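Source file: work-v8.cif; contents: mmCIF, C-alpha atoms.
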```
data_model
#
loop_
_atom_site.label_atom_id
_atom_site.label_comp_id
_atom_site.auth_asym_id
_atom_site.auth_seq_id
_atom_site.Cartn_x
_atom_site.Cartn_y
_atom_site.Cartn_z
CA MET A 3 69.45 101.29 130.60
CA SER A 4 69.49 100.79 126.83
CA THR A 5 71.73 98.54 124.73
CA LEU A 6 73.58 100.25 121.90
CA ASN A 7 74.90 98.08 119.07
CA ILE A 8 78.36 98.60 117.61
CA VAL A 9 78.47 96.63 114.37
CA VAL A 10 81.64 95.63 112.54
CA LEU A 11 81.24 94.34 108.98
CA GLY A 12 83.93 92.00 107.71
CA ALA A 13 86.25 89.63 109.56
CA GLY A 14 89.45 90.20 107.64
CA PHE A 15 92.53 91.87 109.11
CA ALA A 16 90.77 95.22 109.62
CA GLY A 17 87.47 93.92 110.98
CA LEU A 18 88.98 91.44 113.42
CA GLN A 19 91.39 93.93 114.94
CA SER A 20 88.79 96.70 115.14
CA ALA A 21 86.30 94.44 116.93
CA HIS A 22 88.92 93.22 119.41
CA TYR A 23 90.08 96.76 120.14
CA ILE A 24 86.53 98.01 120.76
CA LEU A 25 85.86 95.14 123.16
CA GLN A 26 89.18 95.42 124.99
CA HIS A 27 89.63 99.17 125.25
CA THR A 28 86.67 101.23 124.04
CA ILE A 29 83.64 99.75 125.77
CA PRO A 30 85.28 99.40 129.23
CA GLN A 31 85.96 103.16 129.25
CA LEU A 32 82.49 104.34 128.20
CA PRO A 33 79.93 105.62 130.74
CA LYS A 34 77.87 102.88 132.37
CA SER A 35 74.56 104.67 131.72
CA ASP A 36 74.21 102.52 128.60
CA THR A 37 75.35 99.03 127.72
CA TYR A 38 77.12 98.24 124.48
CA HIS A 39 77.08 95.14 122.34
CA VAL A 40 79.52 94.39 119.51
CA TYR A 41 78.29 92.44 116.50
CA LEU A 42 80.85 91.07 114.05
CA ILE A 43 79.27 90.02 110.74
CA ASN A 44 81.04 87.89 108.14
CA PRO A 45 79.77 85.43 105.49
CA SER A 46 82.29 82.75 106.45
CA LYS A 47 82.74 81.19 109.88
CA GLU A 48 86.49 81.18 109.47
CA PHE A 49 89.14 83.85 109.06
CA TYR A 50 91.11 83.18 105.88
CA HIS A 51 94.71 84.38 105.98
CA MET A 52 94.56 85.82 102.47
CA VAL A 53 98.08 87.25 102.51
CA SER A 54 99.45 83.71 102.54
CA ALA A 55 97.01 82.41 99.91
CA PRO A 56 99.50 82.34 97.00
CA ARG A 57 101.51 79.75 98.93
CA SER A 58 98.86 78.05 101.04
CA VAL A 59 96.76 77.14 97.97
CA ILE A 60 99.64 75.03 96.68
CA SER A 61 99.83 72.54 99.55
CA ASP A 62 99.02 72.14 103.23
CA ILE A 63 102.65 71.16 103.72
CA LEU A 64 103.76 74.71 102.90
CA ILE A 65 101.30 76.57 105.15
CA ASP A 66 99.57 74.98 108.14
CA PRO A 67 95.82 74.94 107.26
CA SER A 68 94.92 75.33 110.94
CA ILE A 69 96.42 78.84 110.74
CA ALA A 70 95.40 79.61 107.18
CA PHE A 71 91.80 79.05 108.34
CA MET A 72 90.87 79.93 111.92
CA ASP A 73 87.49 79.78 113.65
CA ILE A 74 86.22 83.32 114.23
CA ALA A 75 83.87 82.55 117.13
CA LYS A 76 86.68 80.75 118.95
CA GLY A 77 88.91 83.80 118.57
CA PHE A 78 86.33 85.89 120.47
CA SER A 79 85.43 83.28 123.10
CA GLN A 80 87.12 85.31 125.86
CA TYR A 81 84.37 87.95 125.73
CA PRO A 82 81.03 87.46 127.53
CA ALA A 83 77.96 86.78 125.40
CA SER A 84 76.41 89.95 126.82
CA ASN A 85 79.08 91.98 125.01
CA PHE A 86 79.70 90.13 121.76
CA THR A 87 77.90 88.22 119.01
CA PHE A 88 79.35 86.75 115.84
CA LEU A 89 76.85 86.55 112.99
CA GLN A 90 77.76 84.31 110.08
CA ALA A 91 75.84 86.23 107.47
CA SER A 92 75.98 88.45 104.41
CA VAL A 93 74.63 91.98 104.61
CA SER A 94 72.17 92.54 101.79
CA SER A 95 71.32 96.21 102.36
CA ILE A 96 71.79 99.15 104.71
CA ASP A 97 69.28 101.94 105.37
CA THR A 98 71.32 104.89 106.55
CA ALA A 99 68.20 106.85 107.56
CA SER A 100 66.83 104.23 109.96
CA ARG A 101 70.37 103.03 110.80
CA ALA A 102 69.47 99.41 110.16
CA LEU A 103 70.95 96.65 108.06
CA GLN A 104 69.38 93.57 106.55
CA TYR A 105 71.40 90.37 106.70
CA THR A 106 71.06 86.95 105.11
CA SER A 107 72.34 84.17 107.30
CA THR A 108 74.89 81.77 105.81
CA GLU A 109 74.47 79.47 108.81
CA PRO A 110 71.50 77.08 108.33
CA SER A 111 70.36 77.24 111.96
CA VAL A 112 70.13 81.05 112.04
CA ARG A 113 67.33 83.07 110.45
CA ASP A 114 67.78 86.15 108.28
CA GLY A 115 67.14 89.38 110.12
CA THR A 116 67.42 93.10 110.70
CA LEU A 117 69.95 94.72 112.99
CA HIS A 118 69.93 98.34 114.14
CA TYR A 119 73.27 99.95 114.80
CA HIS A 120 74.40 102.80 117.01
CA ALA A 121 77.85 102.74 115.41
CA LEU A 122 79.05 100.98 112.28
CA VAL A 123 82.56 100.06 111.13
CA ILE A 124 82.74 98.82 107.54
CA ALA A 125 85.78 96.68 106.77
CA THR A 126 84.48 94.42 104.01
CA GLY A 127 87.58 94.69 101.83
CA THR A 128 87.72 93.88 98.15
CA ALA A 129 86.71 90.87 96.08
CA GLN A 130 89.42 89.20 94.03
CA SER A 131 88.75 87.63 90.64
CA SER A 132 89.19 84.15 92.13
CA PRO A 133 87.92 82.68 95.44
CA LEU A 134 91.45 81.32 95.92
CA PHE A 135 92.61 84.76 97.00
CA TRP A 136 89.80 86.12 99.15
CA GLN A 137 87.39 84.88 101.76
CA THR A 138 84.18 83.32 100.47
CA PRO A 139 82.13 80.26 101.47
CA GLU A 140 83.50 78.61 98.28
CA THR A 141 87.19 79.16 99.05
CA LYS A 142 87.98 75.70 100.41
CA THR A 143 86.28 73.98 97.49
CA ALA A 144 88.12 76.20 95.04
CA ARG A 145 91.46 75.41 96.71
CA GLN A 146 90.91 71.65 96.39
CA SER A 147 89.87 71.98 92.74
CA PHE A 148 92.98 74.07 92.10
CA ARG A 149 95.24 71.42 93.65
CA ASP A 150 93.60 68.64 91.65
CA GLN A 151 94.24 70.53 88.41
CA LEU A 152 97.76 71.56 89.38
CA ALA A 153 98.78 67.93 89.96
CA THR A 154 98.50 67.15 86.24
CA ALA A 155 98.93 70.56 84.59
CA ASN A 156 101.79 71.09 82.17
CA ASN A 157 100.66 74.38 80.66
CA ILE A 158 99.35 77.12 82.95
CA ILE A 159 98.16 80.65 82.23
CA ILE A 160 97.92 83.29 84.96
CA GLY A 161 96.13 86.56 84.32
CA GLY A 162 97.31 89.72 86.07
CA GLY A 163 100.36 91.80 86.81
CA GLY A 164 99.88 92.87 90.43
CA PRO A 165 101.29 91.32 93.63
CA VAL A 166 98.87 88.37 93.79
CA ALA A 167 99.54 87.42 90.17
CA VAL A 168 103.32 87.63 90.60
CA GLU A 169 103.21 85.74 93.89
CA ILE A 170 101.04 82.85 92.64
CA ALA A 171 103.15 82.61 89.48
CA GLY A 172 106.33 82.41 91.56
CA GLU A 173 104.88 79.84 93.93
CA ILE A 174 103.64 77.59 91.13
CA GLY A 175 106.95 77.93 89.32
CA ASP A 176 108.93 77.03 92.41
CA HIS A 177 106.59 74.11 93.13
CA LEU A 178 106.53 72.58 89.65
CA ASN A 179 109.83 73.68 88.15
CA THR A 180 112.20 74.71 90.98
CA ARG A 181 115.02 77.14 90.19
CA ASN A 182 117.01 74.47 88.38
CA ALA A 183 116.43 75.20 84.69
CA SER A 184 117.23 71.61 83.71
CA LYS A 185 114.25 70.42 85.79
CA HIS A 186 111.64 72.79 84.38
CA LYS A 187 108.69 70.69 83.23
CA ALA A 188 105.71 73.09 83.21
CA THR A 189 105.08 75.97 80.85
CA ILE A 190 103.79 78.91 82.91
CA THR A 191 102.75 82.17 81.28
CA LEU A 192 101.83 85.36 83.10
CA LEU A 193 99.66 87.68 81.00
CA THR A 194 99.39 91.34 81.97
CA SER A 195 97.69 94.17 80.12
CA ALA A 196 100.28 96.63 81.45
CA SER A 197 103.73 97.46 80.14
CA LYS A 198 105.34 96.45 83.46
CA LEU A 199 104.66 94.27 86.49
CA LEU A 200 103.72 95.54 89.95
CA PRO A 201 102.39 99.05 89.26
CA VAL A 202 103.16 100.33 92.78
CA LEU A 203 106.87 99.63 92.47
CA ARG A 204 109.57 101.35 90.45
CA GLU A 205 110.31 99.92 87.03
CA ASP A 206 113.77 98.68 87.99
CA VAL A 207 112.34 96.86 91.02
CA ALA A 208 109.54 95.32 88.93
CA ALA A 209 112.12 94.16 86.39
CA HIS A 210 113.80 92.09 89.09
CA ALA A 211 110.48 90.35 89.70
CA GLU A 212 110.45 89.21 86.06
CA THR A 213 114.01 87.93 86.38
CA TYR A 214 113.05 85.86 89.43
CA LEU A 215 109.93 84.57 87.64
CA ASN A 216 112.01 83.53 84.64
CA SER A 217 114.27 81.54 86.94
CA VAL A 218 111.34 79.29 87.92
CA GLY A 219 110.11 78.90 84.36
CA VAL A 220 107.54 81.68 84.19
CA THR A 221 107.31 83.74 81.01
CA VAL A 222 105.81 87.23 81.25
CA ARG A 223 103.86 88.70 78.35
CA TYR A 224 103.16 92.42 78.48
CA ASN A 225 100.36 94.41 76.84
CA ALA A 226 98.37 91.18 76.67
CA LYS A 227 94.87 92.16 77.78
CA ILE A 228 92.56 89.22 78.42
CA ALA A 229 89.18 89.68 76.75
CA ALA A 230 87.60 86.38 77.77
CA ALA A 231 88.47 83.11 79.47
CA THR A 232 86.53 79.86 79.60
CA THR A 233 87.18 76.39 80.98
CA ASP A 234 85.85 73.03 79.80
CA LYS A 235 86.89 69.39 79.93
CA SER A 236 89.68 70.00 77.42
CA GLY A 237 91.24 72.76 79.55
CA ALA A 238 91.29 76.55 79.61
CA HIS A 239 90.75 78.84 76.64
CA VAL A 240 91.94 82.42 76.89
CA LYS A 241 91.19 85.05 74.25
CA LEU A 242 93.21 88.24 74.16
CA ALA A 243 91.93 91.64 73.10
CA SER A 244 94.17 91.34 70.05
CA GLY A 245 92.15 88.34 68.92
CA GLU A 246 94.84 85.78 69.75
CA GLU A 247 93.56 82.60 71.39
CA ILE A 248 95.63 80.57 73.83
CA HIS A 249 94.92 77.08 75.16
CA ALA A 250 96.27 75.74 78.46
CA ASP A 251 95.58 73.04 81.01
CA MET A 252 94.46 75.61 83.58
CA TYR A 253 93.84 79.33 83.89
CA ILE A 254 94.21 81.30 87.13
CA PRO A 255 92.67 84.79 87.19
CA ALA A 256 94.46 87.24 89.48
CA ILE A 257 93.25 90.41 87.83
CA GLY A 258 92.34 93.40 89.94
CA ALA A 259 89.95 93.65 92.85
CA LYS A 260 86.51 95.19 93.34
CA PRO A 261 85.24 96.77 96.57
CA ASN A 262 82.70 94.70 98.51
CA THR A 263 80.10 97.47 98.67
CA GLY A 264 77.10 96.02 96.81
CA PHE A 265 74.96 96.29 99.96
CA LEU A 266 75.43 100.06 100.32
CA PRO A 267 73.37 102.83 98.71
CA ASN A 268 75.02 104.67 95.84
CA THR A 269 74.83 107.89 97.85
CA VAL A 270 77.80 106.80 99.97
CA LEU A 271 79.90 105.37 97.14
CA THR A 272 82.46 106.89 94.80
CA PRO A 273 82.35 106.24 91.03
CA SER A 274 84.79 103.36 91.60
CA ALA A 275 82.34 101.82 94.13
CA HIS A 276 84.61 102.49 97.12
CA ILE A 277 83.01 103.95 100.23
CA ASP A 278 83.17 107.75 100.11
CA THR A 279 85.21 108.28 103.26
CA ASN A 280 86.31 111.47 104.97
CA ALA A 281 90.02 111.53 104.11
CA SER A 282 90.96 112.81 107.57
CA SER A 283 88.57 111.32 110.15
CA LEU A 284 87.71 108.14 108.19
CA ARG A 285 84.02 108.74 108.92
CA VAL A 286 81.48 108.06 106.20
CA ASP A 287 79.88 111.49 106.47
CA GLY A 288 77.11 110.70 104.00
CA ALA A 289 75.90 107.76 106.09
CA GLY A 290 75.17 109.69 109.27
CA PRO A 291 77.02 109.82 112.60
CA ARG A 292 79.30 107.12 113.96
CA VAL A 293 79.89 105.30 110.66
CA TYR A 294 83.44 104.48 109.54
CA ALA A 295 85.20 102.72 106.69
CA LEU A 296 88.74 101.38 106.68
CA GLY A 297 90.96 99.17 104.62
CA ASP A 298 90.83 98.69 100.86
CA VAL A 299 87.06 99.31 100.76
CA SER A 300 87.60 102.93 101.80
CA SER A 301 88.24 105.74 99.32
CA ALA A 302 90.78 107.12 101.79
CA SER A 303 93.08 104.11 101.54
CA PRO A 304 95.86 103.81 98.95
CA GLY A 305 95.45 100.06 99.39
CA GLY A 306 97.44 97.33 101.10
CA ILE A 307 97.86 95.89 104.56
CA LEU A 308 100.34 98.52 105.71
CA HIS A 309 97.84 101.33 105.19
CA LEU A 310 95.05 99.19 106.66
CA THR A 311 97.06 98.68 109.84
CA ASN A 312 97.69 102.40 110.18
CA MET A 313 94.01 103.24 109.68
CA ILE A 314 92.83 101.20 112.67
CA PRO A 315 94.10 103.63 115.39
CA VAL A 316 92.33 106.51 113.64
CA VAL A 317 89.00 104.69 113.44
CA VAL A 318 88.97 103.36 117.00
CA THR A 319 90.10 106.72 118.44
CA ASN A 320 87.49 108.77 116.62
CA LEU A 321 84.80 106.19 117.26
CA LYS A 322 85.48 106.42 120.98
CA ARG A 323 85.23 110.21 120.80
CA ASP A 324 81.88 109.92 119.02
CA LEU A 325 80.52 107.41 121.54
CA GLU A 326 81.62 109.54 124.50
CA ALA A 327 80.05 112.65 122.98
CA PHE A 328 76.73 110.85 122.45
CA ALA A 329 76.79 109.43 125.99
CA ALA A 330 77.36 112.95 127.35
CA GLY A 331 74.35 114.26 125.44
CA LYS A 332 76.47 116.29 123.00
CA GLY A 333 75.43 114.42 119.86
CA ASP A 334 78.10 115.04 117.25
CA GLN A 335 79.41 118.19 118.94
CA LEU A 336 82.84 116.94 119.83
CA SER A 337 85.40 118.72 121.97
CA GLY A 338 89.08 118.54 121.17
CA LYS A 339 90.51 117.25 117.92
CA ASP A 340 89.97 114.07 115.96
CA MET A 341 92.90 111.85 115.23
CA ALA A 342 93.70 112.55 111.57
CA TRP A 343 94.50 109.95 108.95
CA VAL A 344 97.67 110.94 107.11
CA PRO A 345 98.67 108.18 104.70
CA ASP A 346 102.32 107.70 103.93
CA VAL A 347 102.35 107.96 100.13
CA ARG A 348 105.93 106.77 99.76
CA LYS A 349 106.08 103.52 97.81
CA SER A 350 105.91 100.48 100.10
CA GLN A 351 105.22 96.93 99.00
CA PHE A 352 106.81 93.50 99.57
CA VAL A 353 106.28 90.81 96.92
CA PRO A 354 107.77 87.33 97.39
CA VAL A 355 108.63 85.57 94.13
CA GLY A 356 108.80 81.88 94.94
CA ARG A 357 110.08 80.46 98.20
CA SER A 358 113.46 82.18 98.35
CA LYS A 359 113.31 85.44 96.38
CA GLY A 360 111.34 88.66 96.45
CA VAL A 361 111.23 92.31 95.47
CA GLY A 362 110.03 95.30 97.42
CA MET A 363 110.23 98.88 98.50
CA LEU A 364 109.74 100.46 101.91
CA PHE A 365 109.01 104.19 102.20
CA GLY A 366 110.46 104.74 98.74
CA TRP A 367 113.63 102.71 99.27
CA LYS A 368 114.40 99.51 97.39
CA ILE A 369 114.62 96.50 99.69
CA PRO A 370 117.04 93.58 99.06
CA SER A 371 115.52 90.23 98.16
CA LEU A 372 116.79 88.64 101.38
CA ILE A 373 114.93 91.19 103.52
CA VAL A 374 111.70 90.68 101.53
CA TRP A 375 112.07 86.96 102.14
CA ALA A 376 112.78 87.41 105.86
CA ILE A 377 109.81 89.71 106.46
CA LYS A 378 107.19 88.21 104.17
CA GLY A 379 108.45 85.48 101.88
CA ARG A 380 109.59 83.10 104.61
CA ASP A 381 106.05 82.30 105.78
CA TYR A 382 103.85 85.01 104.22
CA MET A 383 103.39 86.51 107.68
CA ILE A 384 101.25 83.54 108.74
CA SER A 385 102.80 83.78 112.21
CA PHE A 386 100.85 87.00 112.79
CA GLY A 387 97.53 85.29 112.12
CA THR A 388 96.96 84.06 115.66
CA GLY A 389 97.41 87.57 117.07
CA TYR A 390 94.82 88.98 114.67
CA MET A 391 92.44 86.17 115.51
CA ASP A 392 92.61 86.13 119.31
CA GLY A 393 93.09 89.89 119.81
CA THR A 394 96.61 89.85 121.24
CA SER A 395 97.65 92.18 118.40
CA MET A 396 95.38 94.81 119.96
CA LYS A 397 96.56 94.59 123.58
CA LYS A 398 98.19 98.01 123.43
CA GLU A 399 95.78 100.92 123.77
CA VAL A 400 96.03 103.86 121.38
CA VAL A 401 97.01 107.03 123.25
CA TRP A 402 95.42 110.21 121.91
CA LYS A 403 95.39 113.57 123.66
CA GLY A 404 93.62 115.58 120.99
#
```
Please rewrite the model in this file as structure tokens.
Amino acid sequence: MSTLNIVVLGAGFAGLQSAHYILQHTIPQLPKSDTYHVYLINPSKEFYHMVSAPRSVISDILIDPSIAFMDIAKGFSQYPASNFTFLQASVSSIDTASRALQYTSTEPSVRDGTLHYHALVIATGTAQSSPLFWQTPETKTARQSFRDQLATANNIIIGGGGPVAVEIAGEIGDHLNTRNASKHKATITLLTSASKLLPVLREDVAAHAETYLNSVGVTVRYNAKIAAATTDKSGAHVKLASGEEIHADMYIPAIGAKPNTGFLPNTVLTPSAHIDTNASSLRVDGAGPRVYALGDVSSASPGGILHLTNMIPVVVTNLKRDLEAFAAGKGDQLSGKDMAWVPDVRKSQFVPVGRSKGVGMLFGWKIPSLIVWAIKGRDYMISFGTGYMDGTSMKKEVVWKG
């Protein structure tokens, strides 16, 4: 009896839920002629609830740090060691021909190594411009440095015009200035290279975001592309593409995101460095059988947690089909139909702006501020974190009769 490795890369929302589902539902239903072992690989030992980062970076009083950061190994402690291993490591390269990956341990007591995979799920997400807003080994240090600076800052520049930029601007404004104009004490400027905020949302909805930002003392400057930004003992120095130079006490970059795909060969990447993913099955056809990509790292995803959540059933269903076909000696000759990924392209996005306001759309419809607050802005969905971490969010099995 051989052991076949199912490897999941990334322990964000997509990776955690995929690994739990495979352990709870997929492996127990596979033929017993082989044994299966799930490896979850992530550079950090903790799951960082990145959705709540714009608020949790401000203060531990606002978001409980025990939920903002949760121990990954503890979340998988219910599974026997014969079925699951968590590797705190960074993947440095993948050889799709030999179906092996090289990893560099980020845990001092564990050596670097090579791991062969029978199936591979890539859910490494995207890297933000600041470690405040995505999971790195430096995130906690960056958060403390941010808080130290924020305590004395009177002039703050934020770069970006997407959801993270708007959210952190709103949270800082609410924290330092409140919505009482007579109490505004900090000058906060949001610089975006675009002609509007929040590119996913309609212009009228984005305009409301600016109104809410103004109410907490945030000024928005459009068509202000940042060419360079440096920080020294005297503060932050931002140079715009126009040549204008701006000085502030602190600068917070929240500009764009890049796919975490530096470990993959160019043959499986798109020009934008996303993983070239089959838009229907979510397989990475160029990487060989039983390889999948989901979440923002995949070329098939429009981006965002809503699409990520809807991709998981497709990946775990088609992965199970692939594993069953291999176990039956059919290779990649599958019977029946794959579950197909059909993204909902209607505009959907919720963006809190401070602690009591927000803008959003759901399936193309504008959502009132109160609903945005109730769904996301109240606690930035931190209450869902435990379910992602311990696997209770994956208790329900996906039913597919293709």
Next item on the list: Could you jot down the atom CA of Arg323 of chain A to atom CA of Ser79 of chain A separation for me, Å, one decimal place?
Entry: 27.0 Å
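Distances to Arg357 of chain A were evaluated for A:Gly404, A:Pro273, A:Gly161, A:Gly172 using all atoms listed in the file, and the minimum falls at A:Gly172.
The coordinates place atom CA of Ala70 of chain A at 27.7 Å from atom CA of Leu193 of chain A.
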Next item on the list: Go ahead and find all residues with at least one atom no further than 10 Å from (97.3, 78.3, 108.4) in the file's coordinates, using only C-alpha atoms; report them as a PyMOL selection string.
Entry: chain A and resi 49-52+54-55+58+62+64-72+381+384-385+387-388
Next item on the list: Please write as a ChimeraX atom specification the full residue list that the PyMOL selection byres ((chain A and resi 85) around 9) yields on this file.
Entry: /A:25,37-41,81-84,86-87
What does the file look like for those residues with C-alpha atoms, as a compact mmCIF listing (two decimals), in the frame of the given file?
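Written out: again12.txt:
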```txt
# COMPACT_ATOMS: atom_id res chain seq x y z
CA LEU A 25 85.86 95.14 123.16
CA THR A 37 75.35 99.03 127.72
CA TYR A 38 77.12 98.24 124.48
CA HIS A 39 77.08 95.14 122.34
CA VAL A 40 79.52 94.39 119.51
CA TYR A 41 78.29 92.44 116.50
CA TYR A 81 84.37 87.95 125.73
CA PRO A 82 81.03 87.46 127.53
CA ALA A 83 77.96 86.78 125.40
CA SER A 84 76.41 89.95 126.82
CA PHE A 86 79.70 90.13 121.76
CA THR A 87 77.90 88.22 119.01
```
Notebook entry, point to check: Using all atoms listed in the file, which residues sit within 12 Å of segment 181-191 of chain A once same-chain residues fewer than 2 positions away are excluded, as a PyMOL selection string?
Noted result: chain A and resi 152-163+167-168+170-179+193-194+212-224+226+240+248-255+355-359
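For the file at hand, the PyMOL selection byres ((chain A and resi 289) around 10) resolves to Ile96, Asp97, Thr98, Ala99, Arg101, Leu122, Leu266, Pro267, Thr269, Val270, Ile277, Asp278, Thr279, Arg285, Val286, Asp287, Gly288, Gly290, Pro291, Arg292, Val293 and Tyr294 of chain A.
Proximity to Ala275 of chain A was assessed for A:Ser95, A:Thr128, A:Ser395, A:Thr138 counting only C-alpha atoms; the smallest distance is recorded for A:Thr128.
Closest approach to Lys241 of chain A among A:Ala229, A:Pro139, A:Pro315, A:Ile307 is made by A:Ala229 (distances from only C-alpha atoms).
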Check: Smallest atom-to-atom distance to Leu310 of chain A: which of A:Trp367, A:Phe265, A:Phe135, A:Trp343, using only C-alpha atoms?
Finding: A:Trp343
Checklist line | Nearest-residue call for Ala21 of chain A, choices A:Phe352, A:Tyr382, A:Phe328, A:Tyr390, using all atoms listed in the file | finding: A:Tyr390
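Those residues that approach Ala295 of chain A to within 6 Å, counting all atoms listed in the file, are Val123, Ile124 and Ser300 of chain A; same-chain residues fewer than 2 positions away are not listed.
Between atom CA of His27 of chain A and atom CA of Phe88 of chain A the interatomic distance comes to 18.7 Å.
Nearest residue to Val299 of chain A among A:Gln31, A:Gly331, A:Ala129, A:Gly115 is A:Ala129, counting all atoms listed in the file.
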Check: How would you write, as a ChimeraX atom specification, the residues chosen by the PyMOL selection byres ((chain A and resi 337) around 10) on this structure?
Finding: /A:323-324,327,332,334-336,338-340,404
Check: Using only C-alpha atoms, what residues lie at most 7 Å away from (73.1, 93.1, 111.2) (file coordinates), given as a ChimeraX atom specification?
Finding: /A:43,93,103-105,116-118
Check: Leaving out Gly14 of chain A and any residue of its chain fewer than 3 positions from it, which residues lie within 10 Å of it when counting only C-alpha atoms, given as a ChimeraX atom specification?
Finding: /A:11,17-20,44,48-52,125-127,136-137,297,390-391
